[in-house]
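K.L.:
What follows is a single structure, and I will ask about it in a moment.
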Amino acid sequence: MTEPALGSAVVVWTAGESARLVWAQRRPDAPALPGFHVAPGGLLDPADADAPSDGGRHEDLGLRVAGLRELFEETGILHADGAIEADARAQLRRRFQRAAPELGHSRMRAMGLRWRTRDLVPIGRWLTPAFAPRRFDARFFGLRLDAAPPVDAQPEELAAVEWIAAADARARWARGGCLITPPLAWLLRSMATHGELRAEEARRVYGAQGEAAQRWEVVPGVQMLPFRTPTLPPATMTNSYLVGSGEAVIVEPATPYPDEQARMLRWIEEATRHGITPRALLLTHHHGDHIGAAAELKQRLGLPLWAHRETAARLRVPVERTLEEGERISLAGPDPVSLRVLHTPGHAPGHLCFLEERSGVLIAGDMVASIGTIVIEPSEGDMAVYLDQLRRLADLAPSMLLPAHGLPILDPQAKLHGYIQHRLAREARVLEALRSHGGPATPRDLVPVAYDDAPREVWGLAALSTQAHLVKLVQDGAAERDGERWVAAG
């Protein structure tokens, strides 16, 4: 698990009837938060603490300067005391972008400019999820401007930066059209409700300790928080989802570890203080890294367990309601939610996905992952059925995929069709390995050829997938089974 780097971001907005805010979209290949819409920001530099500023005695002065510096580098907004011509401003920005921050600060001092830190309002703190390849412990600040100066994007990690009407940004977020960081989501909610940022409310949600802010509201009414679980590498965590803005359900009560269960309970308690009342625990399927907290939460919170009947048959914990294909779970609240139940076997007989119909986001369980891959265990899975279900999910055209492992997936069609093509390509490799083996073969016999692009440490899992492909090849008439061995047909 990587340690988070200290940084800050500045949420810039104008208030009133035509309230707007600045947001930047990170490039799809950015090393951190790829594709996200974010408030401008970045890492704290040691030179930020000694930068020329307005002299405010803030404990977080370095972080305030870092946020304003990054705002200038990424958008061109220079929030400082002192006069500067347009050409000199452009030269100063290039100096910050291309040289060490210390040199940029020195140039500012020589020009008589000082960062205007007094206008920043602390909003809160957000920790990047622990599974992210690059992690940040970011302090967020609000900056209200009377006018909207021009902006343009720093191209290295940003695809675009723009002023956008707060109402338009919230509408895009609500339909699953973008991923945004939590304090930015809070700003959109606060502006929609009050026409203004309520900083005290934001700090209560995204407070000083940072623990609550590890989760975020992916779309209005759907919160996500990852928990450590005994899952398959390279994944180390499973995402749990709290769905609903009034009435709510908890999807994937995943973690079996007491410390993580305590963190889950604090998350739920915090949501309850904000008017969210869980009604039930929902399972996508029966695997251990998805049900570890089910019994504990049933006991502690008195919540019923809902799952597919095939999942219920594989559990020791009683299931109070079985869910079937096509059912709808309606949850009242400020942002009403309707979850459509989708029975998607293939990975597990009772696997369920949940489509949030207003936004189009799909809680996908173990159908896909943005970390690692999905193993089809031959004793309970079916490769042909799994591929059919991937095609079915693609036909539904969800706006976003919320997997059990890893970050949300912004391009569902690319991910789903990519999974299908990858599996079919692997199936072709398995058949090629079977034909070239020269006689009956076990799955393990075929792995060195069919998975020659995979490290040896995963060959045990690869043998399971190879067997699942062999079963499908028999169904397709391309292979024949002889006990525990297979041969190519005809």
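Just so we're on the same page: first chain in the structure tokens is A, next is B, and so on; residues restart at 1 for each chain, and ligands are numbered from 1 in the order they show up.
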Show me, as an mmCIF file with N, CA, C and O atoms, in the first residue's frame, the residues that have an atom within 9 Å of Glu157 (chain A) when counting only C-alpha atoms, minus same-chain residues fewer than 5 positions from it.
P.N.:
data_model
loop_
_atom_site.group_PDB
_atom_site.id
_atom_site.type_symbol
_atom_site.label_atom_id
_atom_site.label_comp_id
_atom_site.auth_asym_id
_atom_site.auth_seq_id
_atom_site.Cartn_x
_atom_site.Cartn_y
_atom_site.Cartn_z
ATOM 1 N N GLN A 25 -10.324 18.468 -16.348
ATOM 2 C CA GLN A 25 -10.393 17.031 -16.593
ATOM 3 C C GLN A 25 -8.981 16.493 -16.782
ATOM 4 O O GLN A 25 -8.223 16.962 -17.631
ATOM 5 N N ARG A 26 -8.649 15.497 -15.982
ATOM 6 C CA ARG A 26 -7.342 14.878 -16.095
ATOM 7 C C ARG A 26 -7.294 13.964 -17.312
ATOM 8 O O ARG A 26 -8.311 13.387 -17.713
ATOM 9 N N ARG A 27 -6.136 13.835 -17.881
ATOM 10 C CA ARG A 27 -5.974 13.011 -19.074
ATOM 11 C C ARG A 27 -6.260 11.539 -18.746
ATOM 12 O O ARG A 27 -6.052 11.100 -17.616
ATOM 13 N N PRO A 28 -6.743 10.759 -19.728
ATOM 14 C CA PRO A 28 -7.012 9.334 -19.471
ATOM 15 C C PRO A 28 -5.769 8.557 -19.049
ATOM 16 O O PRO A 28 -5.886 7.531 -18.382
ATOM 17 N N ASP A 29 -4.576 9.039 -19.445
ATOM 18 C CA ASP A 29 -3.338 8.354 -19.085
ATOM 19 C C ASP A 29 -2.607 9.059 -17.950
ATOM 20 O O ASP A 29 -1.422 8.779 -17.702
ATOM 21 N N ALA A 30 -3.277 9.951 -17.237
ATOM 22 C CA ALA A 30 -2.640 10.641 -16.111
ATOM 23 C C ALA A 30 -2.276 9.623 -15.034
ATOM 24 O O ALA A 30 -3.004 8.653 -14.800
ATOM 25 N N PRO A 31 -1.142 9.821 -14.341
ATOM 26 C CA PRO A 31 -0.716 8.839 -13.337
ATOM 27 C C PRO A 31 -1.620 8.781 -12.115
ATOM 28 O O PRO A 31 -1.596 7.790 -11.389
ATOM 29 N N ALA A 32 -2.384 9.814 -11.859
ATOM 30 C CA ALA A 32 -3.291 9.830 -10.709
ATOM 31 C C ALA A 32 -4.670 10.301 -11.162
ATOM 32 O O ALA A 32 -4.792 11.231 -11.951
ATOM 33 N N PRO A 34 -6.983 9.193 -13.288
ATOM 34 C CA PRO A 34 -7.129 9.365 -14.742
ATOM 35 C C PRO A 34 -8.582 9.567 -15.140
ATOM 36 O O PRO A 34 -9.476 8.860 -14.689
#
K.L.:
Could you check which of A:Gly16, A:Leu143, A:Thr128, A:Arg95 is closest to Gly67 (chain A), using only C-alpha atoms?
P.N.:
A:Leu143
K.L.:
Which of these residues is nearest to Ala159 (chain A), using only C-alpha atoms: A:Phe36, A:Tyr419, A:Trp459, A:Trp267?
P.N.:
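Among A:Phe36, A:Tyr419, A:Trp459, A:Trp267, it is A:Phe36 that comes nearest to Ala159 (chain A).
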K.L.:
Find the residues around Gly288 (chain A) up to 9 Å (only C-alpha atoms counted), leave out those fewer than 5 positions away in its own chain, and share them as a ChimeraX atom specification.
P.N.:
/A:229-231,254-256
K.L.:
Go through region 368-454 of chain A and collect every residue that DSSP, computed from the backbone, puts in strand (DSSP E); the answer should be as a compact mmCIF listing (two decimals) with C-alpha atoms, in the first residue's frame.
P.N.:
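The new file result.txt reads:
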# COMPACT_ATOMS: atom_id res chain seq x y z
CA MET A 400 -20.37 3.91 -15.69
CA LEU A 401 -19.26 0.63 -14.11
CA LEU A 402 -18.71 0.43 -10.35
CA PRO A 403 -16.64 -2.73 -9.84
K.L.:
I'd like the contact shell of region 488-490 of chain A - 6 Å cut-off, only C-alpha atoms, skipping same-chain residues fewer than 4 positions apart - returned as a list in words.
P.N.:
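So, after excluding close chain neighbours, the residues are Arg435, Ala478, Ala479 and Glu480 of chain A.
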K.L.:
Please provide the set of residues having any atom within 12 Å of Ala425 (chain A), restricted to only C-alpha atoms, with same-chain residues fewer than 5 positions apart removed, written as a list in words.
P.N.:
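Selected residues are Gly418, Tyr419, Ile420, Val430, Leu431, Glu432, Ala450, Tyr451 and His469 of chain A.
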K.L.:
For the atom pair CA of Val161 (chain A) and CA of Val22 (chain A), what is the interatomic distance in Å to one decimal place?
P.N.:
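CA of Val161 (chain A) sits 7.1 Å away from CA of Val22 (chain A).
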K.L.:
Counting only C-alpha atoms, which residue out of A:Leu232, A:Ala138, A:Val471, A:Leu78 sits closest to Asp289 (chain A)?
P.N.:
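Result for the nearest residue to Asp289 (chain A): A:Leu232.
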K.L.:
Nearest to Thr277 (chain A): which of A:Ala369, A:Val243, A:Val12, A:Leu410 is it, counting only C-alpha atoms?
P.N.:
A:Val243
K.L.:
Using only C-alpha atoms for the distances, tell me which of A:Ala148, A:Leu92, A:Ile376, A:Ala404 is nearest to Gln467 (chain A).
P.N.:
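Checking each candidate against Gln467 (chain A), we get A:Ile376 as the closest.
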K.L.:
May I ask for the distance between CA of Leu331 (chain A) and CA of Glu247 (chain A), given in Å to one decimal place?
P.N.:
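The value is 5.1 Å.
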K.L.:
Find the distance between CA of Val474 (chain A) and CA of Leu461 (chain A) and write it in Å to one decimal.
P.N.:
20.4 Å
K.L.:
Taking 2 positions as the minimum chain separation for residues in the same chain, which residues sit within 8 Å of Pro334 (chain A) when counting only C-alpha atoms? Answer as an mmCIF file with N, CA, C and O atoms, in the first residue's frame.
P.N.:
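Generated output (selection_9.cif):
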data_model
loop_
_atom_site.group_PDB
_atom_site.id
_atom_site.type_symbol
_atom_site.label_atom_id
_atom_site.label_comp_id
_atom_site.auth_asym_id
_atom_site.auth_seq_id
_atom_site.Cartn_x
_atom_site.Cartn_y
_atom_site.Cartn_z
ATOM 1 N N SER A 245 -30.014 8.379 -0.649
ATOM 2 C CA SER A 245 -29.801 9.665 0.019
ATOM 3 C C SER A 245 -30.759 9.858 1.186
ATOM 4 O O SER A 245 -30.671 10.860 1.904
ATOM 5 N N GLY A 246 -31.672 8.941 1.394
ATOM 6 C CA GLY A 246 -32.590 8.913 2.531
ATOM 7 C C GLY A 246 -32.682 7.466 2.973
ATOM 8 O O GLY A 246 -31.887 6.986 3.786
ATOM 9 N N ALA A 332 -36.437 6.138 -1.299
ATOM 10 C CA ALA A 332 -36.844 7.539 -1.246
ATOM 11 C C ALA A 332 -35.760 8.389 -0.619
ATOM 12 O O ALA A 332 -34.956 7.922 0.191
ATOM 13 N N PRO A 336 -33.817 10.485 -5.153
ATOM 14 C CA PRO A 336 -34.420 9.147 -5.163
ATOM 15 C C PRO A 336 -33.616 8.169 -6.020
ATOM 16 O O PRO A 336 -33.019 8.554 -7.029
#
K.L.:
Could you give me, as a PyMOL selection string, each residue of region 131-185 of chain A that DSSP assigns to helix (DSSP H, G or I) when run on this structure's backbone?
P.N.:
chain A and resi 166-174+182-185
K.L.:
Choose the residue, out of A:Trp163, A:Trp173, A:Phe131, A:Trp126, that has the smallest atom-to-atom separation from Leu188 (chain A); count only C-alpha atoms.
P.N.:
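Among the listed residues, the smallest separation from Leu188 (chain A) belongs to A:Trp173.
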K.L.:
So that I can see what lies close to Pro226 (chain A), please list as a list in words the residues with an atom at most 10 Å from it, counting only C-alpha atoms and leaving out residues fewer than 3 positions away in the same chain.
P.N.:
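Listed by chain and then number, they are Pro129, Ala130, Phe131, Gln214, Arg215, Thr229, Thr236, Met237, Thr238, Asn239, Ser240, Tyr241, Ala254, Thr255, Glu260, Met264, Ala404, His405, Gly406 and Leu407 of chain A.
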